[in-house]
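Asks: My structure is below; once you've seen it, I'll send some questions.
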Amino acid sequence: MPIEDHNLVNEFPEFKDDIHQLKMDDAHFKKLYDEYNHLTKEVEKMEQEIIPSTTMEEEKLKKQRLQLKDTLRGYIKASRLAAEKA
């Protein structure tokens with residue numbers, strides 16, 4: 001069963017506007033964002049036991065999601081920094 005809502009805006013509420021703008025303007029960010037959402041949905045299905053999986057498989061996806069979340073956060077921060085310098 002899902003414990004939390006791992007939507008990216010819930011994870012980084014301080015970057016809500018940045019996330020929206022990057023989704024609209026940056027194809028690479030949008031691709032990463034979509035991949036993050038896909039992984040989140042897969043993990044949720046495993047947690048709800050909709051998709052049978054081992055604990056190891058679930059943990060592997062959670063680690064991938066965490067790495068992607070870190071990448072997205074760095075992307076957002078770099079984008080914000082670049083915008084401030086412009």
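Ligands are numbered from 1 in the order shown, chains are lettered A, B, ... in the order of the structure tokens, and residues start at 1 in each chain.
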Any idea what's packed within 9 Å of segment 25-30 of chain A, counting only C-alpha atoms, ignoring anything in its chain fewer than 5 positions away? Could you give it as a list in words?

Replies: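 Listing them by chain and then by number gives Ile19, His20, Glu35, Leu72, Tyr75 and Ile76 of chain A.
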
Asks: Extract, using only C-alpha atoms, all DNA, RNA and protein residues at most 12 Å from Lys63 of chain A, discarding same-chain residues fewer than 5 positions from it, and format them as a list of chain:residue names.

Replies: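 Once the nearby chain positions are removed, what remains is A:Tyr36, A:Leu39, A:Thr40, A:Val43, A:Met56, A:Glu57, A:Glu58, A:Leu68, A:Lys69, A:Asp70.
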
Asks: Have a look at atom CA of Pro13 of chain A and atom CA of Asn37 of chain A and let me know their distance in Å, one decimal.

Replies: 15.9 Å

Asks: Tell me, as a VMD selection string, which residues lie within 10 Å of segment 79-86 of chain A, counting only C-alpha atoms; anything in the same chain fewer than 3 positions away does not count.

Replies: chain A and resid 15 18 22 73 to 76

Asks: Excluding Glu4 of chain A and its own-chain neighbours fewer than 4 positions away, which residues fall within 10 Å of it when counting only C-alpha atoms? Please give them as a list in words.

Replies: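 Counting only the stated atoms, we get Asn10, Glu11 and Glu44 of chain A.
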
Asks: Could you tell me, as an MDAnalysis selection string, which residues of chain A DSSP assigns to alpha helix (DSSP H) when given the backbone?

Replies: chainID A and resid 8:11 16:25 27:47 55:85

Asks: Can you spit out the residues from that selection as a PDB file, in the first residue's frame, using C-alpha atoms?

Replies:
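Written out: again-v1.pdb:
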ATOM      1  CA  LEU A   8       7.136  15.484  -8.083  1.00  0.00           C
ATOM      2  CA  VAL A   9       5.251  18.634  -7.044  1.00  0.00           C
ATOM      3  CA  ASN A  10       4.537  17.022  -3.667  1.00  0.00           C
ATOM      4  CA  GLU A  11       8.195  16.084  -3.349  1.00  0.00           C
ATOM      5  CA  LYS A  16       6.062  23.909  -8.344  1.00  0.00           C
ATOM      6  CA  ASP A  17       6.246  26.789 -10.847  1.00  0.00           C
ATOM      7  CA  ASP A  18       9.676  25.704 -12.090  1.00  0.00           C
ATOM      8  CA  ILE A  19       8.442  22.149 -12.678  1.00  0.00           C
ATOM      9  CA  HIS A  20       5.456  23.389 -14.654  1.00  0.00           C
ATOM     10  CA  GLN A  21       7.570  25.734 -16.775  1.00  0.00           C
ATOM     11  CA  LEU A  22      10.215  23.098 -17.484  1.00  0.00           C
ATOM     12  CA  LYS A  23       7.550  20.558 -18.496  1.00  0.00           C
ATOM     13  CA  MET A  24       6.243  23.064 -21.016  1.00  0.00           C
ATOM     14  CA  ASP A  25       9.565  24.363 -22.368  1.00  0.00           C
ATOM     15  CA  ALA A  27      11.739  18.332 -23.877  1.00  0.00           C
ATOM     16  CA  HIS A  28      14.533  16.581 -21.967  1.00  0.00           C
ATOM     17  CA  PHE A  29      13.061  17.577 -18.605  1.00  0.00           C
ATOM     18  CA  LYS A  30       9.622  16.434 -19.787  1.00  0.00           C
ATOM     19  CA  LYS A  31      11.067  13.042 -20.740  1.00  0.00           C
ATOM     20  CA  LEU A  32      12.697  12.636 -17.321  1.00  0.00           C
ATOM     21  CA  TYR A  33       9.519  13.845 -15.613  1.00  0.00           C
ATOM     22  CA  ASP A  34       7.409  11.310 -17.519  1.00  0.00           C
ATOM     23  CA  GLU A  35       9.859   8.523 -16.664  1.00  0.00           C
ATOM     24  CA  TYR A  36       9.689   9.508 -12.981  1.00  0.00           C
ATOM     25  CA  ASN A  37       5.872   9.359 -13.082  1.00  0.00           C
ATOM     26  CA  HIS A  38       5.962   5.979 -14.829  1.00  0.00           C
ATOM     27  CA  LEU A  39       8.296   4.541 -12.181  1.00  0.00           C
ATOM     28  CA  THR A  40       6.103   5.970  -9.426  1.00  0.00           C
ATOM     29  CA  LYS A  41       3.005   4.319 -10.888  1.00  0.00           C
ATOM     30  CA  GLU A  42       4.808   0.988 -11.224  1.00  0.00           C
ATOM     31  CA  VAL A  43       5.985   1.133  -7.599  1.00  0.00           C
ATOM     32  CA  GLU A  44       2.476   2.012  -6.445  1.00  0.00           C
ATOM     33  CA  LYS A  45       1.060  -0.977  -8.323  1.00  0.00           C
ATOM     34  CA  MET A  46       3.630  -3.209  -6.652  1.00  0.00           C
ATOM     35  CA  GLU A  47       2.862  -1.747  -3.232  1.00  0.00           C
ATOM     36  CA  THR A  55      10.708  -7.099  -2.518  1.00  0.00           C
ATOM     37  CA  MET A  56      13.968  -6.938  -4.449  1.00  0.00           C
ATOM     38  CA  GLU A  57      12.187  -5.871  -7.657  1.00  0.00           C
ATOM     39  CA  GLU A  58      10.208  -3.210  -5.797  1.00  0.00           C
ATOM     40  CA  GLU A  59      13.322  -1.879  -4.081  1.00  0.00           C
ATOM     41  CA  LYS A  60      15.161  -1.739  -7.410  1.00  0.00           C
ATOM     42  CA  LEU A  61      12.431   0.477  -8.901  1.00  0.00           C
ATOM     43  CA  LYS A  62      12.376   2.647  -5.796  1.00  0.00           C
ATOM     44  CA  LYS A  63      16.128   3.198  -6.103  1.00  0.00           C
ATOM     45  CA  GLN A  64      15.758   4.089  -9.786  1.00  0.00           C
ATOM     46  CA  ARG A  65      12.998   6.542  -8.875  1.00  0.00           C
ATOM     47  CA  LEU A  66      15.163   8.089  -6.143  1.00  0.00           C
ATOM     48  CA  GLN A  67      18.094   8.532  -8.547  1.00  0.00           C
ATOM     49  CA  LEU A  68      15.775  10.100 -11.101  1.00  0.00           C
ATOM     50  CA  LYS A  69      14.291  12.378  -8.441  1.00  0.00           C
ATOM     51  CA  ASP A  70      17.812  13.555  -7.548  1.00  0.00           C
ATOM     52  CA  THR A  71      18.542  14.176 -11.235  1.00  0.00           C
ATOM     53  CA  LEU A  72      15.312  16.155 -11.648  1.00  0.00           C
ATOM     54  CA  ARG A  73      16.036  18.241  -8.538  1.00  0.00           C
ATOM     55  CA  GLY A  74      19.502  19.085  -9.866  1.00  0.00           C
ATOM     56  CA  TYR A  75      17.986  19.961 -13.244  1.00  0.00           C
ATOM     57  CA  ILE A  76      15.437  22.266 -11.623  1.00  0.00           C
ATOM     58  CA  LYS A  77      18.061  23.982  -9.467  1.00  0.00           C
ATOM     59  CA  ALA A  78      20.409  24.458 -12.438  1.00  0.00           C
ATOM     60  CA  SER A  79      17.569  25.889 -14.497  1.00  0.00           C
ATOM     61  CA  ARG A  80      16.615  28.285 -11.722  1.00  0.00           C
ATOM     62  CA  LEU A  81      20.229  29.388 -11.289  1.00  0.00           C
ATOM     63  CA  ALA A  82      20.592  29.985 -15.033  1.00  0.00           C
ATOM     64  CA  ALA A  83      17.383  32.030 -15.050  1.00  0.00           C
ATOM     65  CA  GLU A  84      18.605  34.149 -12.145  1.00  0.00           C
ATOM     66  CA  LYS A  85      21.877  34.885 -13.955  1.00  0.00           C
TER      67      LYS A  85
END
